[in-house]
file input-v1.csv (CSV, C-alpha atoms)
chain,number,residue,atom,x,y,z
A,1,MET,CA,0.2,15.6,9.7
A,2,LEU,CA,-0.8,12.9,7.2
A,3,PRO,CA,-4.4,12.9,6.1
A,4,THR,CA,-5.9,9.5,7.2
A,5,ARG,CA,-9.1,7.7,6.3
A,6,SER,CA,-10.5,4.2,6.6
A,7,VAL,CA,-10.4,2.0,3.5
A,8,GLN,CA,-13.7,1.5,1.7
A,9,HIS,CA,-13.6,-1.7,-0.3
A,10,PRO,CA,-14.9,-1.5,-3.9
A,11,ALA,CA,-18.0,-3.8,-4.3
A,12,ALA,CA,-16.0,-6.0,-6.7
A,13,LEU,CA,-14.0,-7.3,-3.8
A,14,GLN,CA,-17.1,-8.6,-1.9
A,15,CYS,CA,-16.5,-12.2,-3.0
A,16,SER,CA,-12.7,-12.0,-2.4
A,17,ARG,CA,-10.6,-12.8,0.6
A,18,ASN,CA,-7.5,-10.8,1.8
A,19,GLY,CA,-4.5,-12.2,-0.1
A,20,GLU,CA,-6.7,-14.2,-2.4
A,21,VAL,CA,-8.1,-11.6,-4.8
A,22,GLN,CA,-9.1,-13.0,-8.2
A,23,ARG,CA,-6.6,-12.0,-10.9
A,24,ALA,CA,-9.5,-10.4,-12.9
A,25,ARG,CA,-10.0,-7.9,-10.0
A,26,LEU,CA,-6.3,-6.8,-10.3
A,27,THR,CA,-4.6,-4.5,-12.8
A,28,LEU,CA,-0.9,-4.6,-13.6
A,29,ILE,CA,0.9,-1.3,-12.8
A,30,GLY,CA,4.4,-1.1,-14.3
A,31,THR,CA,5.7,-4.5,-15.2
A,32,THR,CA,5.5,-6.4,-12.0
A,33,ALA,CA,3.0,-4.9,-9.5
A,34,LEU,CA,-0.7,-5.4,-9.1
A,35,LEU,CA,-3.5,-3.2,-7.6
A,36,GLU,CA,-7.2,-3.7,-7.4
A,37,ASN,CA,-8.7,-2.3,-10.7
A,38,THR,CA,-10.1,0.9,-9.3
A,39,ALA,CA,-7.1,1.6,-7.2
A,40,ALA,CA,-4.9,1.0,-10.2
A,41,ARG,CA,-6.9,3.6,-12.1
A,42,ALA,CA,-6.6,6.1,-9.2
A,43,TRP,CA,-2.8,5.4,-9.0
A,44,HIS,CA,-2.4,6.1,-12.7
A,45,ALA,CA,-4.2,9.4,-12.4
A,46,LEU,CA,-2.1,10.4,-9.4
A,47,TRP,CA,1.1,9.4,-11.2
A,48,ILE,CA,0.1,11.5,-14.2
A,49,ALA,CA,-0.5,14.5,-11.9
A,50,ALA,CA,2.9,14.0,-10.2
A,51,ARG,CA,4.6,13.8,-13.6
A,52,ALA,CA,3.0,17.1,-14.6
A,53,ASP,CA,4.8,18.6,-11.6
A,54,SER,CA,8.1,16.9,-12.5
A,55,ILE,CA,7.8,14.2,-9.8
A,56,ASP,CA,8.6,10.6,-10.6
A,57,LEU,CA,6.4,8.5,-8.4
A,58,THR,CA,7.0,4.8,-8.1
A,59,TRP,CA,6.6,2.1,-5.5
A,60,THR,CA,9.0,-0.1,-3.6
A,61,PRO,CA,9.5,-3.7,-4.8
A,62,GLY,CA,6.9,-5.8,-3.2
A,63,GLY,CA,4.9,-2.7,-2.2
A,64,ALA,CA,1.7,-3.4,-4.0
A,65,TYR,CA,-0.7,-6.3,-3.9
A,66,ARG,CA,0.5,-9.1,-1.7
A,67,ASP,CA,-1.0,-12.6,-1.8
A,68,LEU,CA,-1.1,-14.6,1.5
A,69,GLY,CA,2.2,-16.2,0.8
A,70,GLU,CA,3.9,-12.9,0.3
A,71,GLN,CA,2.3,-11.5,3.4
A,72,ALA,CA,3.5,-14.5,5.4
A,73,ASP,CA,7.1,-14.2,4.0
A,74,LEU,CA,7.2,-10.5,5.0
A,75,PHE,CA,5.7,-11.2,8.4
A,76,PHE,CA,8.3,-13.9,9.2
A,77,ARG,CA,11.2,-11.6,8.2
A,78,ARG,CA,9.9,-8.9,10.5
A,79,TRP,CA,8.5,-10.8,13.5
A,80,SER,CA,10.0,-13.5,15.6
A,81,GLN,CA,8.9,-15.7,18.5
A,82,ALA,CA,12.1,-14.9,20.2
A,83,TYR,CA,11.5,-12.3,22.8
A,84,ALA,CA,12.6,-8.8,21.9
A,85,PRO,CA,11.7,-5.6,23.8
A,86,GLY,CA,9.1,-3.4,22.1
A,87,GLU,CA,6.1,-4.3,20.0
A,88,SER,CA,4.4,-7.7,20.0
A,89,VAL,CA,1.4,-9.2,18.3
A,90,THR,CA,-0.5,-12.5,18.6
A,91,TRP,CA,-1.0,-14.6,15.5
A,92,ALA,CA,-1.9,-18.2,15.1
A,93,GLY,CA,-2.2,-18.6,18.9
A,94,ARG,CA,1.4,-17.4,19.4
A,95,LYS,CA,3.1,-14.3,20.5
A,96,TRP,CA,5.4,-12.6,18.0
A,97,TYR,CA,7.9,-9.8,18.7
A,98,ARG,CA,9.0,-7.3,16.1
A,99,VAL,CA,12.6,-7.8,15.0
A,100,PRO,CA,14.5,-4.6,16.1
A,101,GLY,CA,15.2,-2.2,13.3
A,102,THR,CA,12.5,-3.5,11.0
A,103,ALA,CA,9.3,-1.7,9.8
A,104,ARG,CA,6.0,-3.2,10.9
A,105,ALA,CA,4.3,-5.9,8.8
A,106,ALA,CA,0.7,-6.8,9.2
A,107,VAL,CA,-0.4,-10.2,10.4
A,108,PRO,CA,-1.0,-12.3,7.2
A,109,GLY,CA,-4.6,-11.9,6.0
A,110,THR,CA,-5.1,-8.4,7.5
A,111,SER,CA,-2.9,-6.2,5.3
A,112,THR,CA,-4.5,-3.6,3.0
A,113,HIS,CA,-1.9,-4.9,0.5
A,114,GLY,CA,-3.8,-8.1,0.5
A,115,TRP,CA,-6.8,-6.3,-1.0
A,116,GLY,CA,-4.7,-4.6,-3.7
A,117,LEU,CA,-5.6,-1.3,-2.1
A,118,ALA,CA,-2.2,-0.3,-0.6
A,119,LEU,CA,0.9,1.0,-2.3
A,120,ASP,CA,4.3,1.6,-0.7
A,121,MET,CA,5.2,4.7,-2.6
A,122,ALA,CA,8.6,6.0,-3.4
A,123,LEU,CA,10.4,8.2,-5.9
A,124,GLY,CA,12.2,7.0,-9.0
A,125,GLU,CA,11.6,6.0,-12.6
A,126,PHE,CA,11.4,2.3,-11.6
A,127,PRO,CA,10.6,0.4,-8.4
A,128,TYR,CA,14.1,-1.2,-8.3
A,129,LEU,CA,15.5,2.3,-8.3
A,130,ALA,CA,13.1,3.5,-5.6
A,131,THR,CA,14.2,6.2,-3.1
A,132,SER,CA,12.4,7.8,-0.2
A,133,ILE,CA,9.2,9.7,-0.8
A,134,THR,CA,10.2,12.2,1.9
A,135,PRO,CA,11.3,15.1,-0.4
A,136,HIS,CA,7.9,15.2,-2.1
A,137,LEU,CA,5.7,14.2,0.9
A,138,PRO,CA,4.2,17.7,1.1
A,139,TRP,CA,3.1,17.4,-2.6
A,140,MET,CA,1.6,14.0,-1.8
A,141,ILE,CA,-0.2,15.3,1.3
A,142,GLU,CA,-1.7,18.1,-0.9
A,143,HIS,CA,-2.7,16.0,-3.9
A,144,ALA,CA,-3.1,12.3,-3.0
A,145,PRO,CA,-6.5,12.7,-1.3
A,146,ARG,CA,-8.1,14.3,-4.4
A,147,PHE,CA,-7.4,10.9,-6.1
A,148,GLY,CA,-8.8,8.8,-3.2
A,149,TRP,CA,-5.5,8.0,-1.6
A,150,PHE,CA,-4.9,8.5,2.1
A,151,TRP,CA,-2.7,7.2,4.9
A,152,GLU,CA,-3.6,4.6,7.4
A,153,SER,CA,-1.0,5.6,9.9
A,154,GLN,CA,1.2,8.5,10.9
A,155,SER,CA,4.1,6.1,11.4
A,156,GLU,CA,4.2,4.9,7.8
A,157,PRO,CA,4.4,8.0,5.5
A,158,TRP,CA,5.3,5.7,2.5
A,159,GLN,CA,2.1,3.6,2.5
A,160,LEU,CA,-0.9,5.0,0.7
A,161,ASN,CA,-4.3,3.3,0.8
A,162,TYR,CA,-7.0,3.7,-1.8
A,163,CYS,CA,-9.9,4.6,0.4
A,164,ALA,CA,-12.7,5.8,-2.0
A,165,GLY,CA,-14.2,2.4,-2.8
A,166,ASP,CA,-16.7,2.8,-5.6
A,167,ALA,CA,-17.0,6.6,-5.2
A,168,ILE,CA,-14.4,7.3,-7.8
A,169,PRO,CA,-13.0,10.8,-7.3
A,170,GLN,CA,-13.6,13.2,-10.2
A,171,PRO,CA,-9.9,13.8,-10.9
A,172,VAL,CA,-9.6,10.0,-11.5
A,173,LEU,CA,-12.6,10.1,-13.8
A,174,ASP,CA,-11.1,13.0,-15.7

call {"tool": "encode", "arguments": {"input": "input-v1.csv", "output": "C-alpha cells"}}
result
Amino acid sequence: MLPTRSVQHPAALQCSRNGEVQRARLTLIGTTALLENTAARAWHALWIAARADSIDLTWTPGGAYRDLGEQADLFFRRWSQAYAPGESVTWAGRKWYRVPGTARAAVPGTSTHGWGLALDMALGEFPYLATSITPHLPWMIEHAPRFGWFWESQSEPWQLNYCAGDAIPQPVLD
C-alpha cells in the first residue's frame, strides 16, 4: 500500500498559477527538468539517500514541472473526444474519453506537475535511460515520506508528490 497524503503548497507559490509558476520559483534538477525550489531540495536529499543504498533514482522525460502547454499536449495525447469505453472527464465544456492503453493525464491546469511538486520517478542514471521504479518501490515506500514525498494515488506508483509545503522535513535540512 502506497503512503498517500494531500499536497501542501509552499507559501512561495501563493502568487502563482498551475502551469505558470515563475522561473525564480523553480530549480533545475539534472539538465532538463524543473521542480519547485523546496521540492527540488527534497528530491536531491532523497536522491542522495538512494545513492547511499546503491539505487540510481531518476525521473521519466517530461515527468517533472509541466507548464500549461505541456499539460495540454499530454492531455491531447491521452484523451480524445471520440467515444471509448472506460474513463471519461469533462474539460472545456466537452466530454473526453481516455485513449485505451494510456496512463491518465490530468486536465490542464489541475496537475501537481503544474506546480512543480510532482515527479514521475524511475530508475537509471539519466531520464532518457529511465526504467520502471518497481524493483525499488519497497525502498521508496520506506524512505520517501521522511523527505516529504508521498503518493497521490494507488494507481500511479511512479508519481511522487512533494507534500510537506514549508514544513521542510529534518532529513532534507540535514

call {"tool": "closest_atom_pairs", "arguments": {"input": "input-v1.csv", "of": "region 46-89 of chain A", "to": "region 151-169 of chain A", "cutoff": "10 Å", "atoms": "all atoms listed in the file", "output": "JSON lines"}}
result
{"residue": "A:Trp59", "atom": "CA", "partner": "A:Trp158", "partner_atom": "CA", "distance": 8.9}
{"residue": "A:Thr60", "atom": "CA", "partner": "A:Trp158", "partner_atom": "CA", "distance": 9.2}
{"residue": "A:Gly63", "atom": "CA", "partner": "A:Gln159", "partner_atom": "CA", "distance": 8.3}
{"residue": "A:Ala64", "atom": "CA", "partner": "A:Gln159", "partner_atom": "CA", "distance": 9.6}

call {"tool": "atom_distance", "arguments": {"input": "input-v1.csv", "atom1": "CA of Val21 (chain A)", "atom2": "CA of Glu36 (chain A)"}}
result
8.4 Å

call {"tool": "atom_distance", "arguments": {"input": "input-v1.csv", "atom1": "CA of Arg25 (chain A)", "atom2": "CA of Thr4 (chain A)"}}
result
24.8 Å

call {"tool": "residues_around", "arguments": {"input": "input-v1.csv", "residues": "Arg146 (chain A)", "least_positions_apart": "5", "cutoff": "12 Å", "atoms": "all atoms listed in the file", "output": "list in words"}}
result
Pro3, Ala42, Trp43, Ala45, Leu46, Ala49, Trp139, Met140, Ile141, Tyr162, Cys163, Ala164, Ala167, Ile168, Pro169, Gln170, Pro171, Val172, Leu173 and Asp174 of chain A

call {"tool": "residues_near_point", "arguments": {"input": "input-v1.csv", "point": "(1.0, -1.5, -14.4)", "cutoff": "12 Å", "atoms": "all atoms listed in the file", "output": "list in words"}}
result
Leu26, Thr27, Leu28, Ile29, Gly30, Thr31, Thr32, Ala33, Leu34, Leu35, Glu36, Asn37, Ala39, Ala40, Arg41, Ala42, Trp43, His44, Trp47, Thr58, Trp59, Ala64, Tyr65, Phe126 and Pro127 of chain A

call {"tool": "closest_residue", "arguments": {"input": "input-v1.csv", "among": "A:Lys95, A:Ala82, A:Ala118, A:Val107", "to": "Gly69 (chain A)", "atoms": "all atoms listed in the file"}}
result
A:Val107

call {"tool": "closest_residue", "arguments": {"input": "input-v1.csv", "among": "A:Ser54, A:Gly93, A:Ala12, A:Leu68", "to": "Thr112 (chain A)", "atoms": "all atoms listed in the file"}}
result
A:Leu68

call {"tool": "residues_around", "arguments": {"input": "input-v1.csv", "residues": "Phe76 (chain A)", "least_positions_apart": "2", "cutoff": "10 Å", "atoms": "only C-alpha atoms", "output": "NGL selection string"}}
result
:A and (70-74 or 78-81 or 96 or 98-99 or 105 or 107-108)

call {"tool": "atom_distance", "arguments": {"input": "input-v1.csv", "atom1": "CA of Asp120 (chain A)", "atom2": "CA of Pro61 (chain A)"}}
result
8.5 Å

call {"tool": "decode", "arguments": {"input": "input-v1.csv", "residues": "region 137-153 of chain A", "atoms": "all heavy atoms", "output": "PDB file, in the first residue's frame"}}
result
ATOM      1  N   LEU A 137      10.512  -0.094  -5.423  1.00  0.00           N
ATOM      2  CA  LEU A 137       9.343   0.541  -4.819  1.00  0.00           C
ATOM      3  C   LEU A 137       9.290   0.311  -3.304  1.00  0.00           C
ATOM      4  O   LEU A 137       8.976   1.259  -2.565  1.00  0.00           O
ATOM      5  CB  LEU A 137       8.057   0.085  -5.499  1.00  0.00           C
ATOM      6  CG  LEU A 137       6.816   0.905  -5.201  1.00  0.00           C
ATOM      7  CD1 LEU A 137       7.010   2.381  -5.507  1.00  0.00           C
ATOM      8  CD2 LEU A 137       5.635   0.363  -5.996  1.00  0.00           C
ATOM      9  N   PRO A 138       9.610  -0.874  -2.783  1.00  0.00           N
ATOM     10  CA  PRO A 138       9.608  -1.038  -1.323  1.00  0.00           C
ATOM     11  C   PRO A 138      10.563  -0.056  -0.624  1.00  0.00           C
ATOM     12  O   PRO A 138      10.228   0.493   0.428  1.00  0.00           O
ATOM     13  CB  PRO A 138      10.036  -2.486  -1.113  1.00  0.00           C
ATOM     14  CG  PRO A 138       9.584  -3.180  -2.365  1.00  0.00           C
ATOM     15  CD  PRO A 138       9.827  -2.164  -3.461  1.00  0.00           C
ATOM     16  N   TRP A 139      11.721   0.189  -1.223  1.00  0.00           N
ATOM     17  CA  TRP A 139      12.658   1.156  -0.643  1.00  0.00           C
ATOM     18  C   TRP A 139      12.023   2.541  -0.641  1.00  0.00           C
ATOM     19  O   TRP A 139      12.110   3.279   0.339  1.00  0.00           O
ATOM     20  CB  TRP A 139      13.972   1.172  -1.437  1.00  0.00           C
ATOM     21  CG  TRP A 139      15.032   2.022  -0.803  1.00  0.00           C
ATOM     22  CD1 TRP A 139      16.013   1.613   0.059  1.00  0.00           C
ATOM     23  CD2 TRP A 139      15.199   3.440  -0.954  1.00  0.00           C
ATOM     24  NE1 TRP A 139      16.777   2.688   0.444  1.00  0.00           N
ATOM     25  CE2 TRP A 139      16.296   3.835  -0.164  1.00  0.00           C
ATOM     26  CE3 TRP A 139      14.529   4.423  -1.672  1.00  0.00           C
ATOM     27  CZ2 TRP A 139      16.742   5.150  -0.074  1.00  0.00           C
ATOM     28  CZ3 TRP A 139      14.967   5.740  -1.586  1.00  0.00           C
ATOM     29  CH2 TRP A 139      16.061   6.092  -0.799  1.00  0.00           C
ATOM     30  N   MET A 140      11.390   2.906  -1.750  1.00  0.00           N
ATOM     31  CA  MET A 140      10.752   4.230  -1.855  1.00  0.00           C
ATOM     32  C   MET A 140       9.638   4.379  -0.831  1.00  0.00           C
ATOM     33  O   MET A 140       9.515   5.429  -0.198  1.00  0.00           O
ATOM     34  CB  MET A 140      10.197   4.435  -3.268  1.00  0.00           C
ATOM     35  CG  MET A 140      11.267   4.571  -4.342  1.00  0.00           C
ATOM     36  SD  MET A 140      12.384   5.970  -4.088  1.00  0.00           S
ATOM     37  CE  MET A 140      11.248   7.330  -4.263  1.00  0.00           C
ATOM     38  N   ILE A 141       8.826   3.344  -0.651  1.00  0.00           N
ATOM     39  CA  ILE A 141       7.729   3.405   0.324  1.00  0.00           C
ATOM     40  C   ILE A 141       8.284   3.627   1.731  1.00  0.00           C
ATOM     41  O   ILE A 141       7.717   4.381   2.515  1.00  0.00           O
ATOM     42  CB  ILE A 141       6.868   2.127   0.240  1.00  0.00           C
ATOM     43  CG1 ILE A 141       6.092   2.119  -1.087  1.00  0.00           C
ATOM     44  CG2 ILE A 141       5.935   2.002   1.428  1.00  0.00           C
ATOM     45  CD1 ILE A 141       5.431   0.792  -1.413  1.00  0.00           C
ATOM     46  N   GLU A 142       9.393   2.987   2.027  1.00  0.00           N
ATOM     47  CA  GLU A 142      10.006   3.135   3.351  1.00  0.00           C
ATOM     48  C   GLU A 142      10.652   4.506   3.557  1.00  0.00           C
ATOM     49  O   GLU A 142      10.556   5.080   4.642  1.00  0.00           O
ATOM     50  CB  GLU A 142      11.065   2.049   3.553  1.00  0.00           C
ATOM     51  CG  GLU A 142      11.751   2.111   4.900  1.00  0.00           C
ATOM     52  CD  GLU A 142      12.811   1.041   5.094  1.00  0.00           C
ATOM     53  OE1 GLU A 142      12.861   0.071   4.299  1.00  0.00           O
ATOM     54  OE2 GLU A 142      13.597   1.185   6.041  1.00  0.00           O
ATOM     55  N   HIS A 143      11.288   5.054   2.522  1.00  0.00           N
ATOM     56  CA  HIS A 143      12.124   6.247   2.705  1.00  0.00           C
ATOM     57  C   HIS A 143      11.524   7.561   2.209  1.00  0.00           C
ATOM     58  O   HIS A 143      11.794   8.613   2.809  1.00  0.00           O
ATOM     59  CB  HIS A 143      13.484   6.025   2.046  1.00  0.00           C
ATOM     60  CG  HIS A 143      14.260   4.923   2.679  1.00  0.00           C
ATOM     61  ND1 HIS A 143      14.981   5.084   3.840  1.00  0.00           N
ATOM     62  CD2 HIS A 143      14.408   3.624   2.332  1.00  0.00           C
ATOM     63  CE1 HIS A 143      15.554   3.947   4.177  1.00  0.00           C
ATOM     64  NE2 HIS A 143      15.217   3.033   3.277  1.00  0.00           N
ATOM     65  N   ALA A 144      10.778   7.553   1.120  1.00  0.00           N
ATOM     66  CA  ALA A 144      10.302   8.803   0.520  1.00  0.00           C
ATOM     67  C   ALA A 144       9.525   9.696   1.493  1.00  0.00           C
ATOM     68  O   ALA A 144       9.762  10.916   1.519  1.00  0.00           O
ATOM     69  CB  ALA A 144       9.469   8.513  -0.729  1.00  0.00           C
ATOM     70  N   PRO A 145       8.620   9.168   2.323  1.00  0.00           N
ATOM     71  CA  PRO A 145       7.882  10.045   3.231  1.00  0.00           C
ATOM     72  C   PRO A 145       8.766  10.831   4.209  1.00  0.00           C
ATOM     73  O   PRO A 145       8.427  11.959   4.583  1.00  0.00           O
ATOM     74  CB  PRO A 145       6.954   9.083   3.979  1.00  0.00           C
ATOM     75  CG  PRO A 145       6.718   7.979   2.989  1.00  0.00           C
ATOM     76  CD  PRO A 145       8.068   7.800   2.334  1.00  0.00           C
ATOM     77  N   ARG A 146       9.909  10.278   4.595  1.00  0.00           N
ATOM     78  CA  ARG A 146      10.817  11.011   5.505  1.00  0.00           C
ATOM     79  C   ARG A 146      11.318  12.303   4.867  1.00  0.00           C
ATOM     80  O   ARG A 146      11.719  13.231   5.569  1.00  0.00           O
ATOM     81  CB  ARG A 146      12.030  10.144   5.878  1.00  0.00           C
ATOM     82  CG  ARG A 146      11.693   8.951   6.726  1.00  0.00           C
ATOM     83  CD  ARG A 146      12.936   8.175   7.158  1.00  0.00           C
ATOM     84  NE  ARG A 146      13.920   8.048   6.097  1.00  0.00           N
ATOM     85  CZ  ARG A 146      15.220   8.365   6.225  1.00  0.00           C
ATOM     86  NH1 ARG A 146      15.711   8.792   7.345  1.00  0.00           N
ATOM     87  NH2 ARG A 146      16.042   8.218   5.197  1.00  0.00           N
ATOM     88  N   PHE A 147      11.294  12.356   3.543  1.00  0.00           N
ATOM     89  CA  PHE A 147      11.781  13.517   2.812  1.00  0.00           C
ATOM     90  C   PHE A 147      10.632  14.392   2.293  1.00  0.00           C
ATOM     91  O   PHE A 147      10.856  15.309   1.506  1.00  0.00           O
ATOM     92  CB  PHE A 147      12.670  13.058   1.649  1.00  0.00           C
ATOM     93  CG  PHE A 147      13.916  12.358   2.114  1.00  0.00           C
ATOM     94  CD1 PHE A 147      13.927  10.983   2.307  1.00  0.00           C
ATOM     95  CD2 PHE A 147      15.075  13.071   2.392  1.00  0.00           C
ATOM     96  CE1 PHE A 147      15.067  10.335   2.749  1.00  0.00           C
ATOM     97  CE2 PHE A 147      16.219  12.437   2.837  1.00  0.00           C
ATOM     98  CZ  PHE A 147      16.218  11.067   3.023  1.00  0.00           C
ATOM     99  N   GLY A 148       9.402  14.088   2.716  1.00  0.00           N
ATOM    100  CA  GLY A 148       8.240  14.886   2.319  1.00  0.00           C
ATOM    101  C   GLY A 148       7.545  14.423   1.052  1.00  0.00           C
ATOM    102  O   GLY A 148       6.651  15.089   0.564  1.00  0.00           O
ATOM    103  N   TRP A 149       7.946  13.270   0.522  1.00  0.00           N
ATOM    104  CA  TRP A 149       7.377  12.755  -0.723  1.00  0.00           C
ATOM    105  C   TRP A 149       6.355  11.669  -0.428  1.00  0.00           C
ATOM    106  O   TRP A 149       6.614  10.745   0.326  1.00  0.00           O
ATOM    107  CB  TRP A 149       8.473  12.185  -1.621  1.00  0.00           C
ATOM    108  CG  TRP A 149       9.405  13.231  -2.131  1.00  0.00           C
ATOM    109  CD1 TRP A 149      10.621  13.576  -1.594  1.00  0.00           C
ATOM    110  CD2 TRP A 149       9.201  14.078  -3.249  1.00  0.00           C
ATOM    111  NE1 TRP A 149      11.176  14.583  -2.332  1.00  0.00           N
ATOM    112  CE2 TRP A 149      10.332  14.908  -3.351  1.00  0.00           C
ATOM    113  CE3 TRP A 149       8.172  14.208  -4.183  1.00  0.00           C
ATOM    114  CZ2 TRP A 149      10.457  15.866  -4.361  1.00  0.00           C
ATOM    115  CZ3 TRP A 149       8.301  15.163  -5.181  1.00  0.00           C
ATOM    116  CH2 TRP A 149       9.429  15.973  -5.265  1.00  0.00           C
ATOM    117  N   PHE A 150       5.185  11.790  -1.065  1.00  0.00           N
ATOM    118  CA  PHE A 150       4.092  10.834  -0.897  1.00  0.00           C
ATOM    119  C   PHE A 150       3.447  10.583  -2.251  1.00  0.00           C
ATOM    120  O   PHE A 150       3.740  11.257  -3.231  1.00  0.00           O
ATOM    121  CB  PHE A 150       3.039  11.379   0.079  1.00  0.00           C
ATOM    122  CG  PHE A 150       3.523  11.460   1.491  1.00  0.00           C
ATOM    123  CD1 PHE A 150       4.242  12.566   1.935  1.00  0.00           C
ATOM    124  CD2 PHE A 150       3.270  10.426   2.379  1.00  0.00           C
ATOM    125  CE1 PHE A 150       4.696  12.632   3.238  1.00  0.00           C
ATOM    126  CE2 PHE A 150       3.727  10.488   3.682  1.00  0.00           C
ATOM    127  CZ  PHE A 150       4.447  11.589   4.117  1.00  0.00           C
ATOM    128  N   TRP A 151       2.538   9.653  -2.263  1.00  0.00           N
ATOM    129  CA  TRP A 151       1.808   9.320  -3.477  1.00  0.00           C
ATOM    130  C   TRP A 151       0.429   9.945  -3.410  1.00  0.00           C
ATOM    131  O   TRP A 151      -0.174  10.072  -2.342  1.00  0.00           O
ATOM    132  CB  TRP A 151       1.703   7.799  -3.633  1.00  0.00           C
ATOM    133  CG  TRP A 151       2.993   7.186  -4.052  1.00  0.00           C
ATOM    134  CD1 TRP A 151       3.341   6.815  -5.322  1.00  0.00           C
ATOM    135  CD2 TRP A 151       4.116   6.855  -3.238  1.00  0.00           C
ATOM    136  NE1 TRP A 151       4.606   6.301  -5.337  1.00  0.00           N
ATOM    137  CE2 TRP A 151       5.113   6.311  -4.060  1.00  0.00           C
ATOM    138  CE3 TRP A 151       4.413   6.979  -1.874  1.00  0.00           C
ATOM    139  CZ2 TRP A 151       6.348   5.890  -3.599  1.00  0.00           C
ATOM    140  CZ3 TRP A 151       5.648   6.567  -1.401  1.00  0.00           C
ATOM    141  CH2 TRP A 151       6.596   6.033  -2.257  1.00  0.00           C
ATOM    142  N   GLU A 152      -0.078  10.300  -4.555  1.00  0.00           N
ATOM    143  CA  GLU A 152      -1.423  10.858  -4.671  1.00  0.00           C
ATOM    144  C   GLU A 152      -2.440   9.744  -4.875  1.00  0.00           C
ATOM    145  O   GLU A 152      -3.586   9.863  -4.482  1.00  0.00           O
ATOM    146  CB  GLU A 152      -1.446  11.823  -5.861  1.00  0.00           C
ATOM    147  CG  GLU A 152      -2.759  12.498  -6.109  1.00  0.00           C
ATOM    148  CD  GLU A 152      -2.663  13.503  -7.243  1.00  0.00           C
ATOM    149  OE1 GLU A 152      -1.569  13.778  -7.748  1.00  0.00           O
ATOM    150  OE2 GLU A 152      -3.720  14.008  -7.630  1.00  0.00           O
ATOM    151  N   SER A 153      -1.978   8.679  -5.511  1.00  0.00           N
ATOM    152  CA  SER A 153      -2.898   7.643  -5.947  1.00  0.00           C
ATOM    153  C   SER A 153      -2.233   6.276  -5.875  1.00  0.00           C
ATOM    154  O   SER A 153      -1.036   6.144  -6.159  1.00  0.00           O
ATOM    155  CB  SER A 153      -3.305   7.955  -7.393  1.00  0.00           C
ATOM    156  OG  SER A 153      -3.864   6.853  -8.022  1.00  0.00           O
TER     157      SER A 153
END
